[in-house]
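S.K.: Structure in structure tokens, see below.
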Amino acid sequence: MPPEHFASWSYHPDLLARPVPRYTSYPTAAEFVEESFEDRQRAALRSLRGTVSLYLHIPYCHEICWYCGCNTGAANKRARLEGYLEALHREIDLVAGELHPSVRVSRIAFGGGSPNAIAPTDFVRLVDAMTLAFRMQQPVLSIELDPRSLTPDWMVALRGIGVIKASLGVQTLDPKVQAAIGRVQPTDLIERAVDGLRKAGVSSINFDLMYGLPFQDDAVLAETLDRSVAMGPERIALFGYAHVPHMIPRQQRIDASALPGQRERFRMAAEGNARLVAAGYQAVGFDHFALPTDDLARAARSGSLRRNFQGFTDDEAPVLIGLGASSISEFPDLFVQNEKNAGRYRMLVKDDRLPGRKGVERTADDRLRGAVIEDVLCRGAARIPPTLAGLARERIEPFATRGLARIDGDRLMLQPGSEPYARSIAAVFDAYREQPHQFSSAV
């Protein structure tokens with residue numbers, strides 16, 4: 001029986017049956033072990049030379065959305081925020097003190113949670129602290145923002161600091177769907193946020209959108225996409241909602257009976273992809289879209305697109321240093337995650353200890369496989385190392401017979417329409433997937 005077709009994609013449910021990682025790292029966070037990584041973290045920091053990026057995590061939000069799987073808590077106690085910020089300032093000094101004088105910071109990203117859960121004056125103080133502690137190389141500043149708590153004072157702070165990239169958590173513009181996921185934010189609020197960011201000098205705005213939400217169908221998604229495009233964001237990320245209430249208790253508030261099925265999710269992803277491309281966006285990877293003039297689209301065209309813990313990125317720095325509770329540092333041969341519990345994180349840093357308490361050392365085989373996985377996801381093609389050639393040909397065969405991938409000599413090439421299967425194809429090279437883990441649906 002021939003497969004169903006939605007937009008330019010063919011639906012092969014058997015190839016999507018197995019949940020797979022998003023591969024923001026390899027090995028994935030599922031392979032991280034819980035133990036003190038403080039000594040290895042310090043050694044990795046001391047060995048660095050050249051350009052690095054910083055990621056700073058604010059694990060608080062004014063309102064907690066029911067769908068969210070992020071490490072975040074309610075920003076409802078000033079003392080809690082003050083204690084966390086004090087620890088964050090201390091960690092900035094601790095980490096900077098370990099770095100060689102040649103290390104230069106080229107990017108700083110603020111994520112969460114919601115960085116604008118803190119006061120704009122506290123945000124300015126953090127940037128000032130990093131500017132004093134680290135050696136800067138005209139860094140690009142980016143920030144994730146909750147439009148519901150984006151005040152005029154925040155716009156002043158963003159302009160003053162020189163933030164040029166911002167990501168807004170939009171998710172959906174449909175009131176019924178918003179109510180079903182605990183994130184009510186009228187469209188005019190989003191429009192005001194975009195207008196304010198433009199006036200503050202932000203030149204690249206991203207909208208995070210989702211499909212597969214309760215009470216969402218093709219028409220509801222299409223309307224959100226069209227209204228989003230009309231606001232002119234340079235980037236749009238269209239993610240599939242992962243409903244895993246056994247892992248994320250707050251998702252128990254979402255009515256699972258109102259969620260679309262796998263076939264409906266696939267159709268939404270396919271038609272969403274086609275709609276955004278028709279609107280002038282360039283598809284980047286399997287779930288990002290960018291206007292052709294945006295840095296992300298340029299990176300995809302030039303072959304310099306990368307994937308790290310923040311997703312698809314045009315950041316070319318080989319090292320990402322994470323600051324704050326639960327943040328992850330990416331070194332060439334080591335991944336380290338800071339203590340996730342904000343209280344324990346504060347205690348560690350207060351004692352002048354580096355807070356890495358989870359991670360994994362990357363073997364030569366990990367780095368080899370990780371490079372192939374990144375090439376598959378970012379460039380749609382990869383050279384298959386001889387040690388993986390036999391495995392690749394065997395496991396790629398189901399995708400090749402459907403016209404989704406092709407192997408020519410030692411080259412694996414994804415074919416048009418393979419986007420929804422990219423993560424599943426990348427998983428062919430994952431040595432750890434024989435072990436059972438909980439991951440999201442591939443689409």
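Identifiers for the structure tokens are assigned positionally: chains receive A, B, ... in sequence, residues are indexed from 1 per chain, and ligands are indexed from 1 in the order shown.
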Do a neighbour search on segment 191-208 of chain A at 8 Å with only C-alpha atoms, toss out local chain neighbours closer than 5 positions, and write the hits as a PyMOL selection string.
M.R.: chain A and resi 147+150+152+155-156+158-159+162-171+228+231+233-239+294
S.K.: As a PDB file with C-alpha atoms, in the first residue's frame, please: every residue in segment 279-333 of chain A that DSSP puts in strand (DSSP E).
M.R.:
```pdb
ATOM      1  CA  GLN A 282      14.412  28.867   4.595  1.00  0.00           C
ATOM      2  CA  ALA A 283      14.130  25.499   6.324  1.00  0.00           C
ATOM      3  CA  VAL A 284      17.088  25.002   8.666  1.00  0.00           C
ATOM      4  CA  HIS A 288      13.949  25.672  12.411  1.00  0.00           C
ATOM      5  CA  PHE A 289      13.162  28.294   9.796  1.00  0.00           C
ATOM      6  CA  ALA A 290      14.914  31.570   9.052  1.00  0.00           C
ATOM      7  CA  ARG A 306      26.096  23.604  14.170  1.00  0.00           C
ATOM      8  CA  ARG A 307      24.036  21.935  16.851  1.00  0.00           C
ATOM      9  CA  ASN A 308      24.599  22.378  20.578  1.00  0.00           C
ATOM     10  CA  GLY A 311      19.619  23.673  19.277  1.00  0.00           C
ATOM     11  CA  PHE A 312      20.633  24.735  15.766  1.00  0.00           C
ATOM     12  CA  THR A 313      23.044  27.634  15.894  1.00  0.00           C
ATOM     13  CA  LEU A 320      30.236  26.493  25.427  1.00  0.00           C
ATOM     14  CA  ILE A 321      30.597  27.294  29.124  1.00  0.00           C
ATOM     15  CA  GLY A 322      27.393  26.957  31.129  1.00  0.00           C
ATOM     16  CA  LEU A 323      26.751  29.132  34.178  1.00  0.00           C
ATOM     17  CA  ILE A 328      25.638  22.392  30.658  1.00  0.00           C
ATOM     18  CA  SER A 329      29.200  23.083  29.549  1.00  0.00           C
ATOM     19  CA  GLU A 330      30.402  21.559  26.299  1.00  0.00           C
ATOM     20  CA  PHE A 331      34.125  20.868  26.015  1.00  0.00           C
TER      21      PHE A 331
END
```
S.K.: Using only C-alpha atoms, which of A:Ala74, A:Cys378, A:Ala371, A:Leu348 sits nearest Pro332 of chain A?
M.R.: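 Ranking A:Ala74, A:Cys378, A:Ala371, A:Leu348 by distance to Pro332 of chain A, first place goes to A:Ala371.
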S.K.: For segment 98-111 of chain A, please output as a list in words all residues within 6 Å (counting only C-alpha atoms; exclusion window: fewer than 2 positions along the same chain).
M.R.: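 Those residues are Leu45, Arg46, Arg49, Gly50, Thr51, Val52, Ser53, Leu54, Tyr55, Leu56, His57, Val95, Ala96, Pro115, Arg135, Met136, Gln137, Pro139, Val140, Leu141, Ser142, Ile143 and Glu144 of chain A.
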S.K.: Generate the output file for the selected residues, C-alpha atoms, as a short mmCIF file (atom, residue, chain, number, x, y, z; two decimals), in the first residue's frame.
M.R.:
```
data_model
loop_
_atom_site.label_atom_id
_atom_site.label_comp_id
_atom_site.auth_asym_id
_atom_site.auth_seq_id
_atom_site.Cartn_x
_atom_site.Cartn_y
_atom_site.Cartn_z
CA LEU A 45 38.43 25.15 32.01
CA ARG A 46 42.16 25.53 32.61
CA ARG A 49 42.52 28.54 24.67
CA GLY A 50 40.94 30.85 22.11
CA THR A 51 37.25 31.60 21.58
CA VAL A 52 34.40 30.38 23.81
CA SER A 53 30.70 31.11 24.27
CA LEU A 54 28.82 31.54 27.53
CA TYR A 55 25.34 30.32 28.43
CA LEU A 56 23.75 31.72 31.58
CA HIS A 57 20.69 30.00 33.07
CA VAL A 95 34.93 30.14 36.35
CA ALA A 96 36.67 33.24 35.00
CA PRO A 115 15.64 35.51 32.12
CA ARG A 135 37.89 38.93 28.34
CA MET A 136 35.37 39.91 25.69
CA GLN A 137 35.62 39.78 21.91
CA PRO A 139 30.27 39.28 22.00
CA VAL A 140 26.90 38.72 20.37
CA LEU A 141 24.23 38.85 23.09
CA SER A 142 21.02 36.82 22.89
CA ILE A 143 18.19 36.22 25.34
CA GLU A 144 15.03 34.13 25.77
#
```
S.K.: What does the distance from atom CA of Pro186 of chain A to atom CA of Asp174 of chain A come to in Å, to one decimal?
M.R.: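 Distance reported for this atom pair: 8.6 Å.
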S.K.: Work out how far atom CA of Trp66 of chain A is from atom CA of Pro27 of chain A, in Å to one decimal.
M.R.: 28.4 Å
S.K.: Which of these, A:Ala381, A:Val349, A:Leu221, A:Val184, has the shortest distance to Leu414 of chain A once you count only C-alpha atoms?
M.R.: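 The answer is A:Ala381, which sits nearest to Leu414 of chain A.
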S.K.: Please run DSSP on the backbone and report, as a VMD selection string, all residues within segment 248-440 of chain A that come out as alpha helix (DSSP H).
M.R.: chain A and resid 262 to 278 295 to 302 342 to 350 364 to 379 389 to 400 422 to 426
S.K.: Would you compute the distance between atom CA of Ala230 of chain A and atom CA of Ala7 of chain A? Give it in Å to one decimal.
M.R.: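 Straight-line distance from atom CA of Ala230 of chain A to atom CA of Ala7 of chain A works out to 21.8 Å.
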